[in-house]
file protein-v3.cif (mmCIF, C-alpha atoms)
data_structure
loop_
_atom_site.label_atom_id
_atom_site.label_comp_id
_atom_site.auth_asym_id
_atom_site.auth_seq_id
_atom_site.Cartn_x
_atom_site.Cartn_y
_atom_site.Cartn_z
CA MET A 1 17.90 -8.05 1.11
CA LEU A 2 17.68 -4.54 -0.31
CA ILE A 3 14.69 -2.37 -1.12
CA LYS A 4 14.98 -1.74 -4.84
CA ARG A 5 11.57 -0.40 -5.94
CA ILE A 6 8.47 1.29 -4.53
CA THR A 7 5.29 1.50 -6.60
CA VAL A 8 2.19 3.47 -5.76
CA GLY A 9 -1.16 3.26 -7.54
CA GLU A 10 -4.87 3.76 -6.92
CA ILE A 11 -7.73 1.30 -6.55
CA LYS A 12 -11.44 1.99 -6.80
CA ILE A 13 -14.01 -0.52 -5.59
CA PRO A 14 -17.71 0.37 -5.47
CA LEU A 15 -19.59 -0.27 -2.24
CA LYS A 16 -22.64 -2.51 -2.15
CA VAL A 17 -24.64 0.36 -0.63
CA PRO A 18 -23.58 3.92 0.28
CA PHE A 19 -21.73 4.17 3.59
CA LYS A 20 -23.41 6.89 5.67
CA THR A 21 -22.30 8.28 9.01
CA ALA A 22 -22.75 11.52 10.93
CA LEU A 23 -19.60 12.77 9.14
CA ARG A 24 -19.88 11.68 5.50
CA THR A 25 -21.46 9.61 2.76
CA VAL A 26 -19.19 7.43 0.61
CA LYS A 27 -20.06 5.31 -2.44
CA GLU A 28 -16.70 3.67 -3.22
CA VAL A 29 -13.37 2.71 -1.76
CA HIS A 30 -10.74 4.90 -3.43
CA ASP A 31 -7.37 4.16 -1.83
CA LEU A 32 -3.66 4.26 -2.54
CA VAL A 33 -1.81 0.94 -2.79
CA PHE A 34 1.91 0.68 -2.12
CA ILE A 35 4.15 -2.15 -3.29
CA ILE A 36 7.68 -2.35 -1.86
CA GLU A 37 9.94 -4.76 -3.74
CA THR A 38 13.30 -6.19 -2.72
CA ASP A 39 16.23 -7.29 -4.84
CA THR A 40 15.28 -10.90 -4.05
CA GLY A 41 11.87 -10.49 -5.69
CA LEU A 42 9.73 -10.29 -2.55
CA GLN A 43 6.86 -7.79 -2.64
CA GLY A 44 5.20 -6.22 0.37
CA TYR A 45 1.77 -4.59 0.09
CA GLY A 46 0.20 -1.68 1.94
CA GLU A 47 -2.92 0.44 1.54
CA ALA A 48 -4.01 3.91 2.63
CA PRO A 49 -7.53 5.38 2.39
CA ALA A 50 -8.11 9.10 1.94
CA THR A 51 -10.25 9.85 4.99
CA ALA A 52 -9.93 13.63 5.13
CA VAL A 53 -12.67 14.22 7.74
CA ILE A 54 -10.95 11.88 10.22
CA THR A 55 -7.22 11.60 9.51
CA GLY A 56 -6.79 14.65 7.26
CA ASP A 57 -5.23 12.48 4.55
CA VAL A 58 -6.07 12.97 0.88
CA LEU A 59 -4.64 11.13 -2.12
CA ASP A 60 -2.51 14.01 -3.41
CA SER A 61 -1.01 14.81 -0.01
CA MET A 62 -0.05 11.17 0.53
CA ARG A 63 1.56 11.02 -2.90
CA ALA A 64 3.53 14.18 -2.10
CA GLY A 65 4.56 12.65 1.21
CA LEU A 66 5.82 9.54 -0.54
CA ASP A 67 8.07 11.76 -2.67
CA LEU A 68 9.86 12.65 0.56
CA ILE A 69 9.89 9.19 2.13
CA ALA A 70 10.73 6.92 -0.84
CA PRO A 71 14.32 8.17 -1.33
CA ARG A 72 15.01 7.37 2.33
CA LEU A 73 13.97 3.74 1.83
CA LEU A 74 15.45 2.80 -1.54
CA GLY A 75 18.66 0.81 -1.29
CA ARG A 76 18.18 0.07 2.42
CA ASN A 77 18.79 -3.41 3.83
CA LEU A 78 15.59 -4.89 5.21
CA PHE A 79 17.56 -6.30 8.12
CA ASP A 80 17.94 -2.70 9.34
CA PHE A 81 14.22 -2.88 10.03
CA ASN A 82 13.87 -0.52 12.99
CA ALA A 83 16.04 2.10 11.32
CA ILE A 84 13.90 1.89 8.18
CA LEU A 85 10.74 2.39 10.25
CA ARG A 86 12.30 5.43 11.90
CA SER A 87 13.06 6.83 8.46
CA VAL A 88 9.40 6.52 7.51
CA HIS A 89 8.23 8.40 10.59
CA GLN A 90 10.95 11.06 10.71
CA ALA A 91 10.68 12.09 7.05
CA ILE A 92 7.43 14.00 7.53
CA VAL A 93 4.99 14.88 10.31
CA HIS A 94 1.38 13.70 10.36
CA HIS A 95 0.39 11.69 7.23
CA ASP A 96 -0.60 8.79 9.51
CA SER A 97 -2.35 6.73 6.82
CA LEU A 98 0.61 7.02 4.46
CA LYS A 99 2.98 5.89 7.20
CA ALA A 100 0.62 3.07 8.14
CA ALA A 101 0.52 1.75 4.57
CA LEU A 102 4.31 1.81 4.30
CA GLU A 103 4.67 0.10 7.69
CA ILE A 104 2.21 -2.58 6.61
CA ALA A 105 4.20 -3.24 3.43
CA LEU A 106 7.44 -3.37 5.40
CA PHE A 107 6.02 -5.75 8.00
CA ASP A 108 4.66 -7.87 5.15
CA LEU A 109 8.20 -8.12 3.79
CA ARG A 110 9.65 -8.76 7.24
CA ALA A 111 7.34 -11.73 7.81
CA GLN A 112 8.09 -13.06 4.32
CA GLN A 113 11.77 -12.69 5.10
CA PHE A 114 11.33 -15.20 7.92
CA GLY A 115 8.83 -17.36 6.03
CA VAL A 116 5.93 -16.92 8.47
CA PRO A 117 2.51 -15.25 8.34
CA LEU A 118 2.46 -11.80 9.90
CA TYR A 119 0.39 -12.82 12.92
CA GLN A 120 3.09 -15.35 13.85
CA LEU A 121 5.80 -12.72 13.51
CA LEU A 122 3.77 -10.52 15.87
CA GLY A 123 3.31 -13.26 18.46
CA GLY A 124 0.99 -15.98 17.17
CA GLY A 125 -2.65 -16.76 17.87
CA ASP A 126 -5.69 -18.40 16.31
CA PRO A 127 -5.97 -17.14 12.72
CA GLN A 128 -9.76 -16.95 12.77
CA ILE A 129 -11.85 -14.08 14.17
CA LYS A 130 -15.39 -12.70 13.86
CA THR A 131 -16.28 -9.18 12.81
CA ASP A 132 -19.38 -7.08 13.20
CA LEU A 133 -21.14 -5.45 10.25
CA THR A 134 -21.92 -1.75 9.95
CA ILE A 135 -25.48 -0.48 9.51
CA SER A 136 -25.35 3.00 7.97
CA VAL A 137 -27.44 5.97 9.10
CA ASN A 138 -30.70 6.06 7.13
CA ASP A 139 -34.41 6.28 7.71
CA VAL A 140 -35.70 3.76 10.23
CA ASP A 141 -37.20 1.34 7.70
CA THR A 142 -33.97 1.18 5.67
CA MET A 143 -31.84 0.63 8.78
CA VAL A 144 -34.12 -2.16 9.98
CA HIS A 145 -34.06 -3.79 6.54
CA ASP A 146 -30.26 -3.64 6.40
CA ALA A 147 -29.97 -5.06 9.92
CA VAL A 148 -32.29 -7.97 9.17
CA GLN A 149 -30.37 -8.72 5.98
CA ALA A 150 -27.09 -8.72 7.91
CA VAL A 151 -28.42 -11.19 10.46
CA ALA A 152 -29.71 -13.41 7.64
CA ALA A 153 -26.16 -13.41 6.26
CA GLY A 154 -24.86 -14.80 9.57
CA PHE A 155 -23.80 -11.67 11.46
CA ASP A 156 -24.62 -11.75 15.16
CA CYS A 157 -23.05 -8.38 15.99
CA LEU A 158 -24.06 -5.11 14.34
CA LYS A 159 -22.48 -1.66 14.58
CA VAL A 160 -25.30 0.83 14.11
CA LYS A 161 -24.39 4.31 12.92
CA VAL A 162 -26.18 7.13 14.73
CA GLY A 163 -25.72 10.88 15.25
CA GLY A 164 -26.36 13.95 13.15
CA ARG A 165 -30.13 13.71 13.76
CA THR A 166 -32.51 14.42 16.62
CA TRP A 167 -32.07 12.23 19.68
CA ARG A 168 -35.56 10.84 19.14
CA ASP A 169 -34.59 9.65 15.64
CA ASP A 170 -31.53 7.88 17.00
CA VAL A 171 -33.48 6.20 19.80
CA ALA A 172 -36.26 5.15 17.40
CA SER A 173 -33.78 3.59 14.96
CA VAL A 174 -31.96 1.59 17.61
CA MET A 175 -35.12 0.34 19.29
CA ALA A 176 -36.64 -0.68 15.95
CA ILE A 177 -33.48 -2.59 15.03
CA GLU A 178 -33.39 -4.34 18.41
CA ARG A 179 -37.01 -5.45 18.03
CA ALA A 180 -36.36 -6.69 14.49
CA VAL A 181 -33.16 -8.70 15.12
CA GLY A 182 -33.98 -10.05 18.59
CA PRO A 183 -31.98 -10.48 21.80
CA ASN A 184 -29.30 -12.80 20.40
CA VAL A 185 -27.73 -10.12 18.20
CA ALA A 186 -25.23 -7.82 19.90
CA LEU A 187 -25.62 -4.11 19.12
CA ARG A 188 -22.92 -1.46 19.10
CA LEU A 189 -23.59 2.21 18.40
CA ASP A 190 -21.21 4.57 16.64
CA ALA A 191 -22.05 8.28 16.72
CA ASN A 192 -18.89 9.37 14.84
CA GLN A 193 -18.62 12.50 17.00
CA GLY A 194 -22.22 13.38 16.13
CA TRP A 195 -23.55 14.25 19.59
CA ALA A 196 -22.97 16.94 22.18
CA PRO A 197 -22.13 15.44 25.61
CA LYS A 198 -25.56 16.08 27.17
CA HIS A 199 -27.27 14.87 23.98
CA ALA A 200 -25.23 11.66 24.15
CA VAL A 201 -26.19 11.04 27.75
CA GLN A 202 -29.84 11.71 26.90
CA VAL A 203 -29.82 9.14 24.08
CA ILE A 204 -27.89 6.46 25.96
CA GLN A 205 -29.93 6.84 29.16
CA ALA A 206 -33.16 6.66 27.16
CA LEU A 207 -32.03 3.39 25.60
CA GLU A 208 -30.88 2.03 28.96
CA LYS A 209 -34.25 2.87 30.54
CA ALA A 210 -36.00 1.15 27.65
CA GLY A 211 -34.03 -2.01 28.39
CA VAL A 212 -31.86 -1.90 25.27
CA VAL A 213 -28.56 -3.58 26.06
CA LEU A 214 -25.66 -2.13 24.07
CA GLU A 215 -22.19 -3.64 23.91
CA PHE A 216 -20.77 -0.11 23.79
CA VAL A 217 -21.22 3.35 22.28
CA GLU A 218 -18.38 4.57 20.09
CA GLN A 219 -17.05 8.16 20.02
CA PRO A 220 -20.25 9.94 21.03
CA VAL A 221 -18.69 13.44 21.09
CA LYS A 222 -16.11 15.50 19.18
CA ALA A 223 -12.65 13.97 19.13
CA SER A 224 -11.10 17.00 20.83
CA ASP A 225 -13.68 17.05 23.64
CA VAL A 226 -12.07 14.63 26.09
CA ALA A 227 -13.86 16.29 29.00
CA GLY A 228 -17.15 15.71 27.18
CA LEU A 229 -16.20 12.09 26.55
CA LYS A 230 -15.53 11.63 30.26
CA PHE A 231 -18.86 13.28 31.08
CA VAL A 232 -20.66 10.68 28.96
CA THR A 233 -18.62 7.84 30.47
CA ASP A 234 -19.37 9.02 34.00
CA HIS A 235 -23.11 9.47 33.43
CA THR A 236 -24.02 6.24 31.63
CA LEU A 237 -23.89 2.53 32.45
CA THR A 238 -23.07 1.50 28.88
CA PRO A 239 -19.34 1.17 28.10
CA ILE A 240 -17.96 4.07 26.04
CA LEU A 241 -15.35 3.56 23.33
CA ALA A 242 -12.86 6.22 22.21
CA ASP A 243 -12.14 6.19 18.47
CA GLU A 244 -11.27 9.50 16.80
CA ALA A 245 -10.04 10.75 20.19
CA VAL A 246 -7.11 8.30 20.05
CA PHE A 247 -4.49 8.47 17.31
CA SER A 248 -1.27 8.22 19.31
CA VAL A 249 0.18 6.66 22.43
CA ARG A 250 -0.07 10.08 24.05
CA ASP A 251 -3.79 10.25 23.22
CA ALA A 252 -4.36 6.78 24.62
CA LEU A 253 -2.48 7.59 27.82
CA HIS A 254 -4.59 10.71 28.35
CA ILE A 255 -7.86 8.83 27.80
CA LEU A 256 -6.84 5.93 30.03
CA SER A 257 -5.27 7.94 32.84
CA THR A 258 -8.31 10.24 33.09
CA GLN A 259 -10.74 7.30 32.78
CA SER A 260 -12.49 9.15 29.97
CA ALA A 261 -13.49 5.96 28.12
CA ASP A 262 -13.76 2.24 28.78
CA ILE A 263 -12.39 0.89 25.49
CA ILE A 264 -9.86 2.13 22.90
CA ASN A 265 -10.43 1.69 19.16
CA ILE A 266 -7.18 0.91 17.39
CA LYS A 267 -7.05 1.58 13.67
CA LEU A 268 -3.74 1.23 11.89
CA MET A 269 -4.56 4.30 9.78
CA LYS A 270 -4.81 6.39 12.96
CA THR A 271 -1.78 4.95 14.74
CA ALA A 272 0.47 5.41 11.67
CA GLY A 273 1.00 1.69 11.54
CA ILE A 274 1.74 -1.41 13.55
CA THR A 275 4.51 -0.20 15.85
CA GLN A 276 2.49 2.46 17.66
CA ALA A 277 -0.55 0.18 17.71
CA MET A 278 1.54 -2.34 19.67
CA GLU A 279 2.44 0.38 22.18
CA ILE A 280 -1.21 1.30 22.65
CA VAL A 281 -2.07 -2.36 23.25
CA SER A 282 0.61 -2.54 25.94
CA LEU A 283 -0.68 0.66 27.51
CA ALA A 284 -4.27 -0.60 27.55
CA ARG A 285 -3.11 -3.88 29.06
CA SER A 286 -1.34 -2.01 31.87
CA HIS A 287 -4.58 -0.13 32.62
CA HIS A 288 -6.62 -3.36 32.51
CA LYS A 289 -8.62 -2.10 29.55
CA THR A 290 -9.57 -3.77 26.29
CA CYS A 291 -9.35 -2.49 22.71
CA MET A 292 -11.28 -2.85 19.50
CA MET A 293 -9.57 -3.45 16.18
CA GLY A 294 -11.23 -1.23 13.61
CA CYS A 295 -10.71 0.03 10.10
CA MET A 296 -11.62 2.91 7.82
CA LEU A 297 -13.21 2.22 4.44
CA GLU A 298 -10.40 -0.07 3.36
CA SER A 299 -10.09 -3.01 1.01
CA GLY A 300 -8.63 -6.41 1.80
CA ILE A 301 -5.00 -5.24 1.89
CA SER A 302 -4.87 -3.17 5.06
CA VAL A 303 -7.79 -5.06 6.63
CA THR A 304 -5.73 -8.23 6.26
CA ALA A 305 -2.94 -6.51 8.19
CA ALA A 306 -5.39 -5.38 10.88
CA ALA A 307 -6.72 -8.93 11.20
CA HIS A 308 -3.18 -10.28 11.66
CA PHE A 309 -2.65 -7.69 14.37
CA ALA A 310 -5.91 -8.54 16.13
CA VAL A 311 -5.09 -12.25 16.12
CA ALA A 312 -1.65 -11.66 17.65
CA PHE A 313 -2.96 -9.43 20.47
CA ASP A 314 -6.30 -11.07 21.20
CA ASP A 315 -5.81 -10.77 24.98
CA VAL A 316 -6.40 -7.02 24.62
CA VAL A 317 -8.15 -6.75 21.24
CA ALA A 318 -11.49 -8.07 22.45
CA HIS A 319 -13.72 -6.48 19.79
CA ILE A 320 -13.43 -6.73 16.01
CA ASP A 321 -14.77 -4.21 13.49
CA LEU A 322 -13.09 -5.21 10.24
CA ASP A 323 -16.00 -5.30 7.83
CA GLY A 324 -14.47 -3.09 5.12
CA PRO A 325 -14.11 -5.86 2.50
CA GLN A 326 -17.66 -7.05 3.24
CA LEU A 327 -18.97 -3.61 2.32
CA CYS A 328 -17.18 -3.70 -1.05
CA ASN A 329 -18.74 -4.97 -4.24
CA GLY A 330 -15.78 -7.08 -5.26
CA SER A 331 -12.11 -7.48 -4.37
CA ALA A 332 -8.89 -6.19 -5.89
CA ILE A 333 -6.48 -8.74 -4.41
CA ASN A 334 -5.34 -12.32 -4.75
CA GLY A 335 -4.65 -13.95 -1.41
CA GLY A 336 -4.88 -12.26 1.94
CA LEU A 337 -7.80 -12.78 4.29
CA THR A 338 -10.89 -14.73 3.38
CA MET A 339 -14.33 -13.72 4.65
CA ASP A 340 -17.31 -16.02 5.15
CA GLY A 341 -20.12 -13.96 6.62
CA PRO A 342 -18.73 -12.62 9.89
CA TRP A 343 -15.76 -14.99 9.92
CA ILE A 344 -12.32 -13.74 8.91
CA LYS A 345 -9.72 -16.42 8.24
CA LEU A 346 -6.00 -15.91 7.68
CA SER A 347 -3.82 -18.28 5.71
CA ASP A 348 -0.44 -19.67 6.70
CA ALA A 349 1.18 -18.00 3.68
CA PRO A 350 4.17 -15.82 4.57
CA GLY A 351 3.49 -12.16 5.36
CA LEU A 352 0.00 -10.97 4.52
CA GLY A 353 -0.37 -13.77 1.99
CA ILE A 354 -1.25 -11.32 -0.79
CA THR A 355 0.14 -12.28 -4.18
CA ALA A 356 -1.30 -9.63 -6.52
CA VAL A 357 -3.43 -6.47 -6.67
CA HIS A 358 -5.61 -5.85 -9.72
CA GLY A 359 -6.88 -2.71 -11.38
CA LEU A 360 -4.24 -0.25 -10.18
CA THR A 361 -4.23 3.10 -11.99
CA ASN A 362 -2.13 6.28 -11.91
CA LEU A 363 1.01 4.32 -11.18
CA LYS A 364 4.26 5.92 -10.10
CA VAL A 365 7.47 3.99 -9.61
CA TYR A 366 10.51 4.88 -7.46
CA ASP A 367 13.68 2.95 -8.34
CA VAL A 368 17.13 2.73 -6.84
#
call {"tool": "encode", "arguments": {"input": "protein-v3.cif", "output": "structure tokens"}}
result
Amino acid sequence: MLIKRITVGEIKIPLKVPFKTALRTVKEVHDLVFIIETDTGLQGYGEAPATAVITGDVLDSMRAGLDLIAPRLLGRNLFDFNAILRSVHQAIVHHDSLKAALEIALFDLRAQQFGVPLYQLLGGGDPQIKTDLTISVNDVDTMVHDAVQAVAAGFDCLKVKVGGRTWRDDVASVMAIERAVGPNVALRLDANQGWAPKHAVQVIQALEKAGVVLEFVEQPVKASDVAGLKFVTDHTLTPILADEAVFSVRDALHILSTQSADIINIKLMKTAGITQAMEIVSLARSHHKTCMMGCMLESGISVTAAAHFAVAFDDVVAHIDLDGPQLCNGSAINGGLTMDGPWIKLSDAPGLGITAVHGLTNLKVYDV
């Protein structure tokens, strides 16, 4: 089974409402889609968002990176799977989202090759999980309205974006949301690096003293400030989750060995794909820590892959944040995951179960 063609194109899907964090405001998903085709007619799908403020990836740089990687893949036998993956990673440094998308497409093909869904190839599990829903940073009334709407739609876990404002604004927003949704809705906070360490402790301790129970607080400080992250972890009772601070196995080892956070957020776009994500899961397991499975602003392609991964490693992936498709106003794929409120369900179709992607533009094809 030989790789005979690689196609790359762009998708644009408007969001239902603007996605606002301490780092950016986004109004649409605008991602690259990769289709790897074999000489037997199988097609594997991958997706990469341009998240410059987090991963450093932009559309043009990923396209340029593919120019270097594609020639190393064309004509290769899919049974040389590990060697093909090494070719992806050795062709260029960084470009984690590009590598992740290509890995996803290759793993999609690999699972199709054996006639099983990806989660079974990765180890099995129950193909049904629940995700939270993100509440963007806004004025208090808007955040409360969005939270109440989310609960009405069946979500019982909300990830509330904070940071980039005064600590009093953050505390007021969270307390107002908690009063509005009641005690049966779990709350997670995500500061997206928006606080200084002492500011983070001030906010979290204020909420703790007010009796607000948080599931965790995600990446309260700058990604590079591991000492600051540990300071927050050591001075609060609420579990602290490391997101942008962990891209690689080396990052995860540093966070875990220094006890700088309680939970690791795995995103395939940070880990450059599935293989390194599996290593981080093993590392977290050895340190008796749990992980969250997260995503960037991605459509159903790469979120389907992330869901398969989460299902297969549910002993470590204890938290799910895969709401990307729920934030989109429409879908560009046939097949893949299905979403019913907070519930994500995977089919038993081989691979990712995706059969087509619609609306691709700016296509480029690499042939043998």
call {"tool": "closest_residue", "arguments": {"input": "protein-v3.cif", "among": "A:Thr166, A:Ser97, A:Thr355, A:Gln120", "to": "A:Leu32", "atoms": "only C-alpha atoms"}}
result
A:Ser97
call {"tool": "atom_distance", "arguments": {"input": "protein-v3.cif", "atom1": "atom CA of A:Ala349", "atom2": "atom CA of A:Thr38"}}
result
18.1 Å
call {"tool": "resolve_selection", "arguments": {"input": "protein-v3.cif", "expression": "the PyMOL selection byres ((chain A and resi 333) around 8)", "output": "PyMOL selection string"}}
result
chain A and resi 300-301+331-332+334-336+354-358
call {"tool": "resolve_selection", "arguments": {"input": "protein-v3.cif", "expression": "the PyMOL selection byres ((chain A and resi 195) around 6)", "output": "JSON, numbers by chain"}}
result
{"A": [163, 193, 194, 196, 199, 200, 220, 221]}
call {"tool": "closest_residue", "arguments": {"input": "protein-v3.cif", "among": "A:Gly359, A:Ala210, A:Gln112, A:Gly341", "to": "A:Gln149", "atoms": "all atoms listed in the file"}}
result
A:Gly341
call {"tool": "resolve_selection", "arguments": {"input": "protein-v3.cif", "expression": "the PyMOL selection byres ((chain A and resi 201) around 9)", "output": "tab-separated table (two decimals) with C-alpha atoms, in the frame of the given file"}}
result
chain	number	residue	atom	x	y	z
A	196	ALA	CA	-22.97	16.94	22.18
A	197	PRO	CA	-22.13	15.44	25.61
A	198	LYS	CA	-25.56	16.08	27.17
A	199	HIS	CA	-27.27	14.87	23.98
A	200	ALA	CA	-25.23	11.66	24.15
A	202	GLN	CA	-29.84	11.71	26.90
A	203	VAL	CA	-29.82	9.14	24.08
A	204	ILE	CA	-27.89	6.46	25.96
A	205	GLN	CA	-29.93	6.84	29.16
A	206	ALA	CA	-33.16	6.66	27.16
A	231	PHE	CA	-18.86	13.28	31.08
A	232	VAL	CA	-20.66	10.68	28.96
A	233	THR	CA	-18.62	7.84	30.47
A	235	HIS	CA	-23.11	9.47	33.43
A	236	THR	CA	-24.02	6.24	31.63
call {"tool": "atom_distance", "arguments": {"input": "protein-v3.cif", "atom1": "atom CA of A:Asp39", "atom2": "atom CA of A:Ile104"}}
result
18.7 Å
call {"tool": "closest_residue", "arguments": {"input": "protein-v3.cif", "among": "A:Ala306, A:Val316, A:Asp262, A:Val33", "to": "A:Ser286", "atoms": "all atoms listed in the file"}}
result
A:Val316
call {"tool": "atom_distance", "arguments": {"input": "protein-v3.cif", "atom1": "atom CA of A:Arg86", "atom2": "atom CA of A:Phe309"}}
result
20.0 Å
call {"tool": "closest_residue", "arguments": {"input": "protein-v3.cif", "among": "A:Ser347, A:Ser257, A:Thr275, A:Ser136", "to": "A:Phe19", "atoms": "all atoms listed in the file"}}
result
A:Ser136
call {"tool": "residues_around", "arguments": {"input": "protein-v3.cif", "residues": "A:Phe107", "least_positions_apart": "6", "cutoff": "8 Å", "atoms": "only C-alpha atoms", "output": "tab-separated table (two decimals) with C-alpha atoms, in the frame of the given file"}}
result
chain	number	residue	atom	x	y	z
A	44	GLY	CA	5.20	-6.22	0.37
A	118	LEU	CA	2.46	-11.80	9.90
A	351	GLY	CA	3.49	-12.16	5.36
call {"tool": "closest_residue", "arguments": {"input": "protein-v3.cif", "among": "A:Thr134, A:Ile280, A:Phe247, A:Ile13", "to": "A:His94", "atoms": "all atoms listed in the file"}}
result
A:Phe247
